[in-house]
Amino acid sequence: MKKIVAQYTLAILTAVASLPYTAYAQKQKPVQLLLNASPWRFAGGIALSTLSSQKTSATFTAPFDSSSFTIKMRVNLKAVTAATNLLTIPGVLNLTTFQHDPKDKKRQNYPAYAMADGSVPVLEAALKLYPPTEPKGHDMPIGIPLAMLAKPSGQHDVVLHFSGVRWTLYVDNELLDNDFALGYPKWGKQSSWEINPSLVSGAEIIFPGIEPQRVVLSRPRTANEIQYWTPQGHNSWVGDVATFYHQGRYHVFYLFDRRGHASKFGKEGTILSTCQQQTLKPGQSMTLPHQ
């Protein structure tokens with residue numbers, strides 16, 4: 001009798017132990033993030049002045065309303081050994097490429113993307129702004145390490161856009177870096193500008209600036225990694241976060257932060273972004289915003 005009970009008990013334990021591998025076994029699907037990030041386009045606008053490889057410099061008179069502007073360029077990016085100007089507007093703007101110190105993370109965190117040989121070539125645009133209480137003005141740099149691009153070398157479309165609120169760099173229709181403006185540039189009665197024809201084949205400046213428009217994608221961009229997710233672009237982070245659950249949806253509010261709270265000349269300019277997420281189950285998706 002004891003032998004029969006023991007065999008019966010063993011059979012039950014075997015059946016219970018096999019449940020996770022039979023009745024409950026199923027292939028788990030990873031959570032997929034649906035991103036609101038998209039390309040941008042600059043439609044319309046009439047150039048006030050245009051430069052080309054045949055006409056590398058010119059002068060222009062900024063209009064009365066010069067509180068915003070857009071510069072479009074066709075640039076041949078490549079690593080250089082010495083700092084090289086691509087575009088210059090004296091007293092207003094300098095677009096340069098240079099080799100950054102791989103050990104210096106304080107300035108724009110450029111070493112976050114290094115080339116295979118360890119070098120850190122950079123594209124940087126410095127706009128001189130004059131805050132109301134600071135007559136000497138300050139340069140506000142935005143830029144990217146070239147290694148973050150899918151193709152660091154070669155032809156790229158570069159757009160610099162100043163809205164009066166934001167100073168932004170776009171490469172190939174992607175928003176890669178921006179800062180919060182404090183003050184405005186001083187154009188003067190007559191402004192000159194110049195391009196380096198060895199790196200820039202064309203440029204045009206437009207007043208007022210063209211407001212960028214999102215490109216509507218037929219299929220949203222996705223990401224499969226949630227643990228270390230950060231917003232698209234260079235030196236971009238998720239700042240303070242607040243969450244709550246309401247009507248079957250998990251809501252996330254966070255501050256879109258660049259350069260470790262050092263934007264806006266160190267005055268911690270950030271953007272409030274929102275994210276909404278349904279209760280996650282295998283195969284469900286989470287929507288994350290872009291700036």
# chains A, B, ... in the order shown; residues from 1 in each chain; ligands from 1
$ select_by_dssp --residues "stretch 50-108 of chain A" --states "strand (DSSP E)" --output "number ranges by chain"
A: 50-52, 57-60, 69-77, 84-89, 93-100
$ closest_atom_pairs --of "stretch 83-170 of chain A" --to "stretch 39-62 of chain A" --cutoff "12 Å" --atoms "only C-alpha atoms" --output "JSON lines"
{"residue": "A:Leu86", "atom": "CA", "partner": "A:Thr56", "partner_atom": "CA", "distance": 10.8}
{"residue": "A:Leu87", "atom": "CA", "partner": "A:Thr56", "partner_atom": "CA", "distance": 9.6}
{"residue": "A:Thr88", "atom": "CA", "partner": "A:Ser57", "partner_atom": "CA", "distance": 9.5}
{"residue": "A:Ile89", "atom": "CA", "partner": "A:Thr59", "partner_atom": "CA", "distance": 9.7}
{"residue": "A:Pro90", "atom": "CA", "partner": "A:Thr59", "partner_atom": "CA", "distance": 11.1}
{"residue": "A:Val92", "atom": "CA", "partner": "A:Ala62", "partner_atom": "CA", "distance": 12.0}
{"residue": "A:Asp157", "atom": "CA", "partner": "A:Arg41", "partner_atom": "CA", "distance": 11.2}
{"residue": "A:Val158", "atom": "CA", "partner": "A:Phe42", "partner_atom": "CA", "distance": 11.3}
{"residue": "A:Val159", "atom": "CA", "partner": "A:Phe42", "partner_atom": "CA", "distance": 8.8}
{"residue": "A:Leu160", "atom": "CA", "partner": "A:Phe42", "partner_atom": "CA", "distance": 10.8}
{"residue": "A:His161", "atom": "CA", "partner": "A:Phe42", "partner_atom": "CA", "distance": 9.8}
{"residue": "A:Thr168", "atom": "CA", "partner": "A:Trp40", "partner_atom": "CA", "distance": 11.9}
{"residue": "A:Leu169", "atom": "CA", "partner": "A:Trp40", "partner_atom": "CA", "distance": 11.3}
{"residue": "A:Tyr170", "atom": "CA", "partner": "A:Trp40", "partner_atom": "CA", "distance": 8.3}
$ residues_around --residues "A:Leu129" --least-positions-apart "3" --cutoff "12 Å" --atoms "only C-alpha atoms" --output "PyMOL selection string"
chain A and resi 67+91-93+126+132-141+162+164-167+179-187+264-265
$ atom_distance --atom1 "atom CA of A:Phe69" --atom2 "atom CA of A:Gln99"
28.1 Å
$ atom_distance --atom1 "atom CA of A:Leu217" --atom2 "atom CA of A:Gly143"
26.1 Å
$ select_by_dssp --residues "stretch 121-286 of chain A" --states "helix (DSSP H, G or I)" --output "number ranges by chain"
A: 146-148, 259-261, 263-266
$ closest_residue --among "A:Pro63, A:Lys151, A:Ala82, A:Asn36" --to "A:Gln190" --atoms "only C-alpha atoms"
A:Pro63
$ closest_residue --among "A:Ile71, A:Ala150, A:Leu175, A:Lys106" --to "A:Pro208" --atoms "only C-alpha atoms"
A:Ile71
$ closest_residue --among "A:Val238, A:Leu77, A:Ala262, A:Ala37" --to "A:Val216" --atoms "only C-alpha atoms"
A:Ala37
$ atom_distance --atom1 "atom CA of A:Trp229" --atom2 "atom CA of A:His246"
23.3 Å
$ closest_atom_pairs --of "stretch 54-164 of chain A" --to "stretch 198-202 of chain A" --cutoff "6 Å" --atoms "only C-alpha atoms" --output "JSON lines"
{"residue": "A:Met73", "atom": "CA", "partner": "A:Gly202", "partner_atom": "CA", "distance": 5.6}
{"residue": "A:Arg74", "atom": "CA", "partner": "A:Gly202", "partner_atom": "CA", "distance": 5.4}
{"residue": "A:Val75", "atom": "CA", "partner": "A:Val200", "partner_atom": "CA", "distance": 4.5}
{"residue": "A:Asn76", "atom": "CA", "partner": "A:Leu199", "partner_atom": "CA", "distance": 4.9}
$ write_last_selection --atoms "N, CA and C atoms" --output "compact mmCIF listing (two decimals), in the first residue's frame"
# COMPACT_ATOMS: atom_id res chain seq x y z
N MET A 73 22.43 74.59 -45.44
CA MET A 73 23.73 74.36 -46.05
C MET A 73 23.86 72.94 -46.57
N ARG A 74 24.70 72.80 -47.58
CA ARG A 74 25.13 71.49 -48.05
C ARG A 74 26.60 71.36 -47.68
N VAL A 75 26.91 70.43 -46.78
CA VAL A 75 28.23 70.37 -46.16
C VAL A 75 28.89 69.03 -46.45
N ASN A 76 30.19 69.07 -46.72
CA ASN A 76 30.99 67.86 -46.89
C ASN A 76 31.78 67.63 -45.60
$ closest_residue --among "A:Ser38, A:Val122, A:Pro152, A:Asn94" --to "A:Arg219" --atoms "only C-alpha atoms"
A:Ser38
$ closest_residue --among "A:Leu149, A:Ile195, A:Leu255, A:Leu176" --to "A:Thr96" --atoms "only C-alpha atoms"
A:Ile195
